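With CSV, C-alpha atoms inside, this is upload-v3.csv:
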```csv
chain,number,residue,atom,x,y,z
A,15,MET,CA,87.8,101.0,104.6
A,16,ASP,CA,87.5,102.0,108.2
A,17,PRO,CA,87.1,105.8,108.5
A,18,ALA,CA,89.5,105.7,111.4
A,19,TYR,CA,92.4,105.4,108.8
A,20,ALA,CA,91.5,108.8,107.4
A,21,ARG,CA,91.5,110.3,110.8
A,22,MET,CA,94.8,108.7,111.8
A,23,ARG,CA,96.4,109.7,108.5
A,24,ALA,CA,95.6,113.3,109.2
A,25,GLU,CA,96.3,113.3,113.0
A,26,GLN,CA,98.9,110.5,113.5
A,27,PRO,CA,100.3,109.6,110.1
A,28,LEU,CA,103.1,107.6,111.7
A,29,LEU,CA,101.1,105.6,114.2
A,30,ARG,CA,102.6,103.6,117.0
A,31,ILE,CA,101.1,100.1,116.9
A,32,LYS,CA,100.9,96.9,119.0
A,33,MET,CA,99.6,93.8,117.3
A,34,ALA,CA,98.7,90.3,118.6
A,35,TYR,CA,102.3,89.1,118.3
A,36,GLY,CA,105.7,90.8,118.5
A,37,GLN,CA,107.1,94.1,119.8
A,38,GLU,CA,105.6,97.5,119.2
A,39,GLY,CA,106.3,99.2,115.8
A,40,TRP,CA,105.1,101.9,113.5
A,41,LEU,CA,102.4,102.0,110.8
A,42,ALA,CA,103.0,104.6,108.0
A,43,LEU,CA,99.8,105.9,106.5
A,44,ARG,CA,100.7,108.8,104.2
A,45,HIS,CA,101.5,108.4,100.5
A,46,ASP,CA,104.9,110.0,100.7
A,47,ASP,CA,105.9,108.1,103.9
A,48,VAL,CA,104.8,104.8,102.5
A,49,ARG,CA,106.9,105.3,99.3
A,50,THR,CA,109.9,106.2,101.5
A,51,VAL,CA,109.6,103.1,103.7
A,52,LEU,CA,109.2,100.9,100.6
A,53,SER,CA,112.1,102.4,98.6
A,54,ASP,CA,114.7,104.0,101.0
A,55,PRO,CA,117.7,101.6,101.6
A,56,ARG,CA,117.8,102.8,105.2
A,57,PHE,CA,114.8,100.6,105.7
A,58,SER,CA,115.8,96.9,105.6
A,59,ARG,CA,114.0,93.7,104.8
A,60,ALA,CA,116.9,91.5,105.7
A,61,ALA,CA,117.0,92.9,109.2
A,62,THR,CA,113.5,91.7,109.8
A,63,LEU,CA,114.7,88.1,109.9
A,64,GLU,CA,116.2,88.7,113.4
A,65,ALA,CA,113.5,91.1,114.6
A,66,ASP,CA,110.5,90.4,116.7
A,67,LEU,CA,108.1,92.2,114.3
A,68,PRO,CA,104.6,93.4,115.1
A,69,ARG,CA,102.4,90.9,113.3
A,70,ALA,CA,98.9,89.5,113.3
A,71,GLU,CA,99.9,85.8,113.4
A,72,PRO,CA,102.7,83.6,114.9
A,73,ASP,CA,105.9,83.9,113.0
A,74,LEU,CA,107.3,81.1,110.9
A,75,PRO,CA,110.7,79.8,111.9
A,76,ASN,CA,113.7,81.6,110.5
A,77,THR,CA,115.0,78.9,108.2
A,78,PRO,CA,117.8,79.0,105.5
A,79,GLU,CA,115.0,78.9,102.9
A,80,MET,CA,113.4,82.1,104.4
A,81,ALA,CA,116.8,83.8,104.4
A,82,ALA,CA,117.1,83.0,100.7
A,83,ASN,CA,113.6,84.4,99.8
A,84,ILE,CA,113.9,87.4,97.6
A,85,THR,CA,111.3,89.3,99.7
A,86,ASN,CA,113.7,89.1,102.6
A,87,LEU,CA,116.8,90.5,100.8
A,88,ASP,CA,118.3,93.9,100.5
A,89,GLN,CA,120.5,95.3,97.8
A,90,PRO,CA,122.7,94.1,96.2
A,91,GLU,CA,121.4,90.5,96.7
A,92,HIS,CA,117.9,91.5,96.0
A,93,GLY,CA,118.9,93.3,92.7
A,94,ARG,CA,120.8,90.2,91.6
A,95,LEU,CA,117.7,87.9,92.0
A,96,ARG,CA,115.3,90.6,90.7
A,97,GLY,CA,117.4,90.9,87.6
A,98,LEU,CA,117.2,87.2,87.0
A,99,ILE,CA,113.4,87.2,87.4
A,100,ALA,CA,113.1,90.3,85.1
A,101,SER,CA,115.1,88.5,82.4
A,102,ALA,CA,112.8,85.5,82.5
A,103,PHE,CA,109.6,87.4,83.4
A,104,THR,CA,109.7,89.4,80.2
A,105,ALA,CA,106.9,91.5,78.7
A,106,ARG,CA,107.1,89.2,75.6
A,107,ARG,CA,106.6,86.1,77.7
A,108,ILE,CA,103.7,87.7,79.6
A,109,GLU,CA,102.1,89.0,76.4
A,110,ARG,CA,102.3,85.5,74.9
A,111,LEU,CA,100.1,84.4,77.8
A,112,ARG,CA,97.2,86.8,76.8
A,113,PRO,CA,95.5,84.3,74.4
A,114,PHE,CA,95.7,81.6,77.1
A,115,VAL,CA,94.3,84.0,79.8
A,116,ASP,CA,91.4,85.0,77.5
A,117,GLU,CA,90.7,81.4,76.4
A,118,THR,CA,90.7,80.2,80.0
A,119,ALA,CA,88.4,83.0,81.2
A,120,GLN,CA,86.0,82.3,78.3
A,121,ARG,CA,86.0,78.6,79.1
A,122,LEU,CA,85.4,79.1,82.8
A,123,VAL,CA,82.5,81.5,82.1
A,124,THR,CA,81.0,79.0,79.6
A,125,GLU,CA,81.3,76.2,82.2
A,126,MET,CA,79.6,78.4,84.8
A,127,LEU,CA,76.7,79.2,82.4
A,128,VAL,CA,76.3,75.5,81.4
A,129,ALA,CA,76.2,74.4,85.1
A,130,GLY,CA,73.4,76.9,85.6
A,131,SER,CA,72.3,79.5,88.1
A,132,PRO,CA,73.0,80.1,90.9
A,133,ALA,CA,76.8,79.6,90.9
A,134,ASP,CA,79.7,80.4,93.2
A,135,LEU,CA,81.7,82.9,91.2
A,136,VAL,CA,84.8,82.3,93.4
A,137,LYS,CA,84.9,78.6,92.6
A,138,ALA,CA,83.8,79.1,89.0
A,139,VAL,CA,86.0,81.9,87.8
A,140,CYS,CA,87.9,83.9,90.5
A,141,GLU,CA,90.1,81.1,91.8
A,142,PRO,CA,90.7,78.8,88.8
A,143,LEU,CA,91.7,81.5,86.4
A,144,PRO,CA,94.8,82.9,88.2
A,145,VAL,CA,95.7,79.4,89.4
A,146,ALA,CA,95.7,78.2,85.8
A,147,VAL,CA,97.6,81.2,84.6
A,148,ILE,CA,100.5,81.1,87.1
A,149,CYS,CA,100.8,77.3,86.6
A,150,GLU,CA,101.0,77.9,82.8
A,151,LEU,CA,103.6,80.6,83.3
A,152,MET,CA,105.7,78.5,85.7
A,153,GLY,CA,105.2,75.2,84.0
A,154,VAL,CA,103.3,73.5,86.9
A,155,PRO,CA,101.4,70.4,85.6
A,156,PRO,CA,97.7,70.2,86.2
A,157,ALA,CA,98.2,67.2,88.6
A,158,GLY,CA,100.3,69.4,90.9
A,159,ARG,CA,97.9,72.4,91.1
A,160,SER,CA,95.9,71.1,94.0
A,161,ILE,CA,99.1,70.3,95.9
A,162,PHE,CA,100.4,73.9,95.8
A,163,ARG,CA,97.0,75.5,96.1
A,164,ALA,CA,96.3,73.7,99.4
A,165,GLY,CA,99.7,74.6,100.7
A,166,ILE,CA,99.4,78.3,99.8
A,167,GLU,CA,96.0,78.6,101.5
A,168,ALA,CA,97.8,77.6,104.8
A,169,VAL,CA,100.8,79.8,104.1
A,170,VAL,CA,98.6,83.0,103.8
A,171,SER,CA,96.4,82.0,106.7
A,172,ASN,CA,96.1,83.9,109.9
A,173,ALA,CA,96.3,82.8,113.5
A,174,THR,CA,93.1,80.7,113.2
A,175,VAL,CA,95.4,78.1,111.5
A,176,ALA,CA,97.9,76.4,113.8
A,177,ALA,CA,101.5,77.5,113.3
A,178,GLU,CA,102.5,73.8,112.9
A,179,ALA,CA,100.1,73.5,109.9
A,180,ARG,CA,101.6,76.7,108.3
A,181,VAL,CA,105.1,75.4,108.8
A,182,ALA,CA,104.2,72.0,107.2
A,183,ALA,CA,102.5,73.8,104.3
A,184,VAL,CA,105.6,75.9,103.6
A,185,GLN,CA,107.8,72.8,103.7
A,186,ALA,CA,105.4,70.9,101.4
A,187,ILE,CA,105.6,73.6,98.7
A,188,ILE,CA,109.4,73.8,99.0
A,189,THR,CA,109.6,70.0,98.6
A,190,TYR,CA,107.2,70.1,95.6
A,191,MET,CA,109.2,72.9,94.0
A,192,ALA,CA,112.4,70.9,94.3
A,193,GLU,CA,110.7,68.0,92.6
A,194,LEU,CA,109.7,70.3,89.7
A,195,ILE,CA,113.3,71.6,89.4
A,196,ASP,CA,114.7,68.1,89.3
A,197,GLU,CA,112.1,67.2,86.7
A,198,ARG,CA,113.4,70.1,84.5
A,199,ARG,CA,116.9,68.8,84.8
A,200,ARG,CA,116.0,65.2,83.9
A,201,ASP,CA,114.3,66.4,80.7
A,202,PRO,CA,116.8,65.3,78.0
A,203,GLY,CA,115.5,68.1,75.8
A,204,GLY,CA,116.7,70.7,78.2
A,205,PRO,CA,114.6,73.3,80.2
A,206,ARG,CA,111.1,73.9,79.1
A,207,ASP,CA,110.0,77.2,77.7
A,208,ASP,CA,108.5,78.4,80.9
A,209,LEU,CA,109.5,80.7,83.8
A,210,LEU,CA,110.8,77.9,86.0
A,211,GLY,CA,112.8,76.4,83.1
A,212,ALA,CA,114.4,79.8,82.5
A,213,LEU,CA,115.4,80.1,86.1
A,214,VAL,CA,116.8,76.6,86.2
A,215,ALA,CA,118.8,77.4,83.1
A,216,ALA,CA,120.2,80.5,84.7
A,217,ARG,CA,121.1,78.5,87.8
A,218,ASP,CA,122.8,75.7,85.9
A,219,ALA,CA,124.7,78.0,83.5
A,220,ASP,CA,126.3,80.0,86.3
A,221,GLY,CA,125.8,78.9,89.9
A,222,SER,CA,127.3,82.1,91.2
A,223,ARG,CA,124.2,84.0,90.0
A,224,LEU,CA,121.7,81.9,91.8
A,225,SER,CA,122.1,79.3,94.6
A,226,GLU,CA,119.9,76.2,94.8
A,227,ALA,CA,118.0,77.5,97.8
A,228,GLU,CA,117.4,80.8,96.0
A,229,LEU,CA,116.2,79.0,92.9
A,230,ASN,CA,113.7,76.9,95.0
A,231,MET,CA,112.4,79.9,97.0
A,232,LEU,CA,112.1,82.0,93.8
A,233,GLY,CA,109.8,79.4,92.4
A,234,VAL,CA,107.8,79.2,95.6
A,235,THR,CA,107.5,82.9,96.0
A,236,LEU,CA,106.4,83.4,92.4
A,237,LEU,CA,103.7,80.7,92.8
A,238,VAL,CA,102.3,82.2,96.0
A,239,ALA,CA,102.5,85.9,95.0
A,240,GLY,CA,101.5,85.1,91.4
A,241,HIS,CA,97.9,84.3,92.0
A,242,GLU,CA,96.7,84.7,95.6
A,243,THR,CA,96.1,88.5,95.6
A,244,THR,CA,94.7,88.3,92.0
A,245,LEU,CA,92.1,85.7,92.7
A,246,ASN,CA,90.9,87.7,95.8
A,247,MET,CA,90.9,91.0,93.9
A,248,ILE,CA,88.8,89.7,91.0
A,249,GLY,CA,86.1,88.6,93.5
A,250,ASN,CA,86.4,92.0,95.3
A,251,MET,CA,86.0,93.9,92.1
A,252,VAL,CA,82.9,91.9,90.9
A,253,VAL,CA,81.3,92.4,94.3
A,254,THR,CA,82.1,96.2,94.2
A,255,LEU,CA,80.5,96.5,90.8
A,256,LEU,CA,77.4,94.5,91.6
A,257,THR,CA,76.6,96.1,94.9
A,258,ASP,CA,76.0,99.4,93.0
A,259,ARG,CA,74.4,98.4,89.7
A,260,SER,CA,75.3,101.7,88.1
A,261,ARG,CA,78.9,100.7,88.2
A,262,TRP,CA,78.3,97.5,86.3
A,263,ASP,CA,76.1,99.2,83.8
A,264,TYR,CA,78.8,101.9,83.3
A,265,LEU,CA,81.2,99.2,82.1
A,266,LEU,CA,78.6,97.3,80.3
A,267,ALA,CA,77.9,100.4,78.1
A,268,ASP,CA,81.5,100.5,77.1
A,269,PRO,CA,83.8,97.6,78.1
A,270,ASP,CA,86.8,99.6,76.9
A,271,ARG,CA,86.4,101.5,80.2
A,272,ILE,CA,87.5,98.4,82.1
A,273,PRO,CA,91.3,99.1,82.4
A,274,ALA,CA,90.8,102.5,84.1
A,275,ALA,CA,88.1,101.0,86.3
A,276,VAL,CA,90.4,98.2,87.4
A,277,GLU,CA,93.1,100.7,88.3
A,278,GLU,CA,90.6,102.7,90.4
A,279,MET,CA,89.3,99.6,92.1
A,280,LEU,CA,92.9,98.6,92.9
A,281,ARG,CA,93.3,102.1,94.5
A,282,VAL,CA,90.1,101.9,96.6
A,283,ILE,CA,89.5,98.3,97.5
A,284,PRO,CA,91.6,97.2,100.5
A,285,SER,CA,93.5,93.9,100.3
A,286,GLY,CA,94.0,93.5,104.0
A,287,PRO,CA,94.5,95.3,107.3
A,288,TYR,CA,97.9,96.4,106.2
A,289,SER,CA,100.0,95.8,103.1
A,290,GLY,CA,103.7,95.7,102.3
A,291,LEU,CA,106.2,93.7,104.2
A,292,ALA,CA,107.6,95.2,107.4
A,293,ARG,CA,111.0,96.9,107.3
A,294,VAL,CA,113.5,97.7,110.1
A,295,ALA,CA,115.2,101.1,110.2
A,296,LEU,CA,119.0,100.8,109.9
A,297,GLU,CA,119.4,104.3,111.3
A,298,ASP,CA,117.2,107.1,112.4
A,299,VAL,CA,114.9,108.2,109.6
A,300,GLU,CA,112.8,111.3,109.6
A,301,LEU,CA,109.4,110.9,107.9
A,302,THR,CA,106.7,113.5,107.5
A,303,GLY,CA,104.8,111.8,110.3
A,304,GLY,CA,107.7,111.6,112.7
A,305,THR,CA,111.0,109.9,113.3
A,306,VAL,CA,111.7,106.1,113.1
A,307,ARG,CA,114.6,105.2,115.3
A,308,ALA,CA,117.3,102.7,114.3
A,309,GLY,CA,116.2,99.2,115.0
A,310,GLU,CA,112.5,100.0,115.0
A,311,ALA,CA,110.0,98.2,112.7
A,312,VAL,CA,107.7,99.9,110.3
A,313,LEU,CA,104.7,98.5,108.5
A,314,VAL,CA,102.8,100.5,105.8
A,315,SER,CA,99.2,100.8,104.8
A,316,ALA,CA,99.0,101.1,101.0
A,317,GLU,CA,95.3,101.3,101.4
A,318,ALA,CA,95.5,104.5,103.5
A,319,ALA,CA,98.1,105.9,101.2
A,320,ASN,CA,96.0,105.2,98.1
A,321,ARG,CA,93.3,107.5,99.7
A,322,ASP,CA,95.7,110.3,100.7
A,323,PRO,CA,94.0,113.7,99.8
A,324,GLU,CA,97.4,115.2,99.2
A,325,VAL,CA,97.6,112.9,96.1
A,326,TYR,CA,94.1,112.1,95.0
A,327,ASP,CA,91.1,114.5,94.6
A,328,ASP,CA,88.0,113.3,96.5
A,329,PRO,CA,90.0,110.2,97.5
A,330,GLU,CA,87.1,108.4,99.3
A,331,THR,CA,84.9,108.3,96.2
A,332,LEU,CA,85.2,105.4,93.8
A,333,ARG,CA,85.3,107.0,90.3
A,334,LEU,CA,85.6,104.5,87.6
A,335,ASP,CA,86.6,107.2,85.1
A,336,ARG,CA,89.4,108.5,87.3
A,337,GLU,CA,92.8,108.9,85.5
A,338,PRO,CA,94.9,106.3,87.2
A,339,ALA,CA,98.2,107.5,88.8
A,340,ASN,CA,100.6,106.6,91.6
A,341,ILE,CA,98.7,103.8,93.2
A,342,LEU,CA,100.8,101.7,95.7
A,343,SER,CA,98.7,98.5,95.5
A,344,PHE,CA,101.6,96.6,93.9
A,345,GLY,CA,104.2,98.2,96.2
A,346,TYR,CA,106.9,100.7,95.3
A,347,GLY,CA,110.7,100.7,94.7
A,348,SER,CA,112.9,97.7,94.1
A,349,HIS,CA,110.4,95.3,95.8
A,350,ARG,CA,107.5,96.4,93.6
A,351,CYS,CA,105.5,93.4,92.4
A,352,VAL,CA,107.2,92.0,89.3
A,353,GLY,CA,103.9,90.4,88.2
A,354,ALA,CA,101.8,93.6,88.2
A,355,VAL,CA,101.4,93.6,84.5
A,356,LEU,CA,100.2,90.0,84.5
A,357,ALA,CA,97.8,90.6,87.5
A,358,ARG,CA,96.2,93.6,85.7
A,359,MET,CA,95.8,91.6,82.5
A,360,GLN,CA,93.9,88.9,84.4
A,361,MET,CA,91.6,91.3,86.2
A,362,GLN,CA,90.8,93.1,83.0
A,363,ILE,CA,90.2,89.9,81.0
A,364,ALA,CA,88.1,88.3,83.7
A,365,LEU,CA,85.8,91.4,84.1
A,366,ARG,CA,85.4,91.8,80.3
A,367,ALA,CA,84.4,88.1,80.0
A,368,LEU,CA,81.8,88.4,82.7
A,369,ILE,CA,80.4,91.7,81.6
A,370,THR,CA,80.1,90.9,77.9
A,371,ARG,CA,79.0,87.2,78.4
A,372,VAL,CA,76.8,87.6,81.4
A,373,PRO,CA,75.4,91.1,81.3
A,374,LYS,CA,72.6,90.3,83.8
A,375,LEU,CA,74.9,88.9,86.4
A,376,ASP,CA,73.7,89.7,89.9
A,377,LEU,CA,74.4,88.8,93.5
A,378,ALA,CA,72.2,86.0,94.8
A,379,GLY,CA,72.6,86.7,98.5
A,380,GLU,CA,75.1,87.8,101.1
A,381,VAL,CA,78.7,87.6,100.2
A,382,GLU,CA,80.7,85.2,102.4
A,383,TRP,CA,84.0,86.7,103.3
A,384,ARG,CA,87.2,84.9,104.1
A,385,THR,CA,88.1,85.0,107.8
A,386,SER,CA,91.1,82.6,108.0
A,387,THR,CA,93.5,84.5,105.8
A,388,LEU,CA,95.5,87.8,105.9
A,389,ILE,CA,94.3,88.8,102.5
A,390,ARG,CA,90.8,90.3,102.1
A,391,GLY,CA,88.5,88.5,99.7
A,392,PRO,CA,85.3,86.6,99.3
A,393,GLU,CA,85.1,83.0,100.3
A,394,ALA,CA,82.0,82.5,98.2
A,395,VAL,CA,79.9,84.8,95.9
A,396,LEU,CA,76.7,83.3,94.9
A,397,VAL,CA,75.5,84.8,91.6
A,398,THR,CA,72.6,84.5,89.3
A,399,TRP,CA,71.7,85.8,85.8
```

Let me see the file written as structure tokens.
Amino acid sequence: MDPAYARMRAEQPLLRIKMAYGQEGWLALRHDDVRTVLSDPRFSRAATLEADLPRAEPDLPNTPEMAANITNLDQPEHGRLRGLIASAFTARRIERLRPFVDETAQRLVTEMLVAGSPADLVKAVCEPLPVAVICELMGVPPAGRSIFRAGIEAVVSNATVAAEARVAAVQAIITYMAELIDERRRDPGGPRDDLLGALVAARDADGSRLSEAELNMLGVTLLVAGHETTLNMIGNMVVTLLTDRSRWDYLLADPDRIPAAVEEMLRVIPSGPYSGLARVALEDVELTGGTVRAGEAVLVSAEAANRDPEVYDDPETLRLDREPANILSFGYGSHRCVGAVLARMQMQIALRALITRVPKLDLAGEVEWRTSTLIRGPEAVLVTW
């Protein structure tokens, strides 16, 4: 992470920013300020739909579908949809996925070994694992995975991808989700035992709980958020471990250390230039770094907050044996990522499969980093063993 973030966190923890697009706004850098922005109802997500937010890429059109997206709602509407997701996205359903996640990871590692060295770890393991898992959870058939994956790559792209292409990608995913929903309803046996089927059942049982637009956008949001960050973070973690061999060897000596190591890498490894969706202040709010006036936009840097020396001892040092606590990598408050448990499971299982099955795994050249997306991650990681 750029050392400038540490300096700004100490000297200007609420930083005035101007980005490539939109009006000026604020960037919150301290742990306590980030938590406040993400959880205080005086900061609104719904108000961002009418605001010219500071952003790195051209904005997508404000459509009825965008207004129905759970990420753009405040309470009580957000709580209503969040409750429906939580009732379908149960710990029991997630735990039932563990054998599938493990079997898929083992199969992908086996296929990589059979294909031979060198291999691109991103294409072999990092990408196909979370794609297969979220599709299994949602009930997306194998034939449809390439459709939504291509669209999602455009959705999370930055300004190097034309705005028209991003709009078309969003519409393609919305259309495909509507087709999956119709397919559930045409099934004479009723909704399937998957997350999308559970949401369709909730919608059809009581339409006042969930509109058709909300149902569609919930499916789209879960597909996008359910795998994109995970696939990039698995690659980031493997690169982090292999660039300092002592880290890899530390986990190889005792793979039970992997859960704590995953948490520490989530704390330290940045996922992008900023994280957390922007908010707009509904009234003047005093933060430790200064005052945000009503109508002003605020972004947060979870990466800077995760290295706040007020919260973490020796925060710039990656310590794989650190006791994990209070990381903001999955957000905070009511908008905290509902799939955090599933994401952690996949990261842990992927690392365990690689470390135990391919103990001599090593980088086979320079890592190729993605440059066309807002999420930090490797485009290609050539490895040998």

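Across A:Met361, A:Ala183, A:Leu28, A:Val276, the tightest approach to Val51 (chain A) is made by A:Leu28 when counting all atoms listed in the file.
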
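Candidate residues A:Ser101, A:Thr398, A:Thr331, A:Gln360 were compared for distance to Ile148 (chain A), and the nearest is A:Gln360, using all atoms listed in the file.
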
**OP:** Compare A:Leu151, A:Ala20, A:Leu232, A:Leu143 by their minimum atom-to-atom distance to Thr244 (chain A), counting all atoms listed in the file, and give me the closest one.
**Re:** A:Leu143

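If you measure from each of A:Met191, A:Leu256, A:Ala275, A:Val282 to Pro329 (chain A) using all atoms listed in the file, the closest one turns out to be A:Val282.
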
Original post:
Nearest to Ala65 (chain A): which of A:Arg390, A:Val381, A:Val299, A:Gln37 is it, counting all atoms listed in the file?
Top reply: A:Gln37

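Between CA of Asp88 (chain A) and CA of Arg217 (chain A) there is a distance of 20.2 Å.
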
**OP:** Go through A:Pro142, A:Met251, A:Gly36, A:Glu125 one by one, measure the shortest atom-to-atom distance of each to Pro156 (chain A) using all atoms listed in the file, and give the residue with the smallest value.
**Re:** A:Pro142

Original post:
Which residues come within 10 Å of Leu236 (chain A), counting only C-alpha atoms, excluding same-chain residues fewer than 5 positions away, as an NGL selection string?
Top reply: :A and (84 or 99 or 148 or 151-152 or 209-210 or 231 or 241 or 352-353)

Which residues are near Val355 (chain A)? Cut-off 10 Å, all atoms listed in the file, ignore same chain within fewer than 5 positions. Put them as a PDB file with C-alpha atoms, in the frame of the given file.
```pdb
ATOM      1  CA  ALA A 105     106.900  91.500  78.700  1.00  0.00           C
ATOM      2  CA  ILE A 108     103.700  87.700  79.600  1.00  0.00           C
ATOM      3  CA  GLU A 109     102.100  89.000  76.400  1.00  0.00           C
ATOM      4  CA  PHE A 344     101.600  96.600  93.900  1.00  0.00           C
ATOM      5  CA  GLN A 360      93.900  88.900  84.400  1.00  0.00           C
TER       6      GLN A 360
END
```

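Relative to CA of Gly211 (chain A), CA of Ala146 (chain A) is found at 17.4 Å.
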
Original post:
Quick one, how far is CA of Ile341 (chain A) from CA of Arg281 (chain A)?
Top reply: 5.8 Å

**OP:** Write out as a PyMOL selection string which residues come within 12 Å of Ala119 (chain A) when counting only C-alpha atoms, dropping same-chain ones fewer than 2 positions away.
**Re:** chain A and resi 112-117+121-126+138-147+248+359-371

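Near Val314 (chain A), within 10 Å and counting all atoms listed in the file, sit Leu28, Leu29, Trp40, Leu41, Ala42, Leu43, Arg44, His45, Asp47, Val48, Arg49, Val51, Leu52, Pro287, Tyr288, Ser289, Gly290, Leu291, Ala292, Arg293, Val312, Ala316, Glu317, Ala318, Ala319 and Gly345 of chain A, not including residues fewer than 2 positions from it in the same chain.
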
For the selection just defined, write its residues with C-alpha atoms to a file, as a PDB file, in the coordinates of the input.
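File written: again_29.pdb
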```
ATOM      1  CA  LEU A  28     103.100 107.600 111.700  1.00  0.00           C
ATOM      2  CA  LEU A  29     101.100 105.600 114.200  1.00  0.00           C
ATOM      3  CA  TRP A  40     105.100 101.900 113.500  1.00  0.00           C
ATOM      4  CA  LEU A  41     102.400 102.000 110.800  1.00  0.00           C
ATOM      5  CA  ALA A  42     103.000 104.600 108.000  1.00  0.00           C
ATOM      6  CA  LEU A  43      99.800 105.900 106.500  1.00  0.00           C
ATOM      7  CA  ARG A  44     100.700 108.800 104.200  1.00  0.00           C
ATOM      8  CA  HIS A  45     101.500 108.400 100.500  1.00  0.00           C
ATOM      9  CA  ASP A  47     105.900 108.100 103.900  1.00  0.00           C
ATOM     10  CA  VAL A  48     104.800 104.800 102.500  1.00  0.00           C
ATOM     11  CA  ARG A  49     106.900 105.300  99.300  1.00  0.00           C
ATOM     12  CA  VAL A  51     109.600 103.100 103.700  1.00  0.00           C
ATOM     13  CA  LEU A  52     109.200 100.900 100.600  1.00  0.00           C
ATOM     14  CA  PRO A 287      94.500  95.300 107.300  1.00  0.00           C
ATOM     15  CA  TYR A 288      97.900  96.400 106.200  1.00  0.00           C
ATOM     16  CA  SER A 289     100.000  95.800 103.100  1.00  0.00           C
ATOM     17  CA  GLY A 290     103.700  95.700 102.300  1.00  0.00           C
ATOM     18  CA  LEU A 291     106.200  93.700 104.200  1.00  0.00           C
ATOM     19  CA  ALA A 292     107.600  95.200 107.400  1.00  0.00           C
ATOM     20  CA  ARG A 293     111.000  96.900 107.300  1.00  0.00           C
ATOM     21  CA  VAL A 312     107.700  99.900 110.300  1.00  0.00           C
ATOM     22  CA  ALA A 316      99.000 101.100 101.000  1.00  0.00           C
ATOM     23  CA  GLU A 317      95.300 101.300 101.400  1.00  0.00           C
ATOM     24  CA  ALA A 318      95.500 104.500 103.500  1.00  0.00           C
ATOM     25  CA  ALA A 319      98.100 105.900 101.200  1.00  0.00           C
ATOM     26  CA  GLY A 345     104.200  98.200  96.200  1.00  0.00           C
TER      27      GLY A 345
END
```

Subject >> Nearby residues (only C-alpha atoms) at most 7 Å from region 300-309 of chain A, same-chain spacing under 2 positions excluded, as a PyMOL selection string >> reply: chain A and resi 26-28+47+294-298+311

Write to file, as a PDB file, in the frame of the given file, the residues of the selection just made, with C-alpha atoms.
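Saved result, out_27.pdb, follows:
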```pdb
ATOM      1  CA  GLN A  26      98.900 110.500 113.500  1.00  0.00           C
ATOM      2  CA  PRO A  27     100.300 109.600 110.100  1.00  0.00           C
ATOM      3  CA  LEU A  28     103.100 107.600 111.700  1.00  0.00           C
ATOM      4  CA  ASP A  47     105.900 108.100 103.900  1.00  0.00           C
ATOM      5  CA  VAL A 294     113.500  97.700 110.100  1.00  0.00           C
ATOM      6  CA  ALA A 295     115.200 101.100 110.200  1.00  0.00           C
ATOM      7  CA  LEU A 296     119.000 100.800 109.900  1.00  0.00           C
ATOM      8  CA  GLU A 297     119.400 104.300 111.300  1.00  0.00           C
ATOM      9  CA  ASP A 298     117.200 107.100 112.400  1.00  0.00           C
ATOM     10  CA  ALA A 311     110.000  98.200 112.700  1.00  0.00           C
TER      11      ALA A 311
END
```
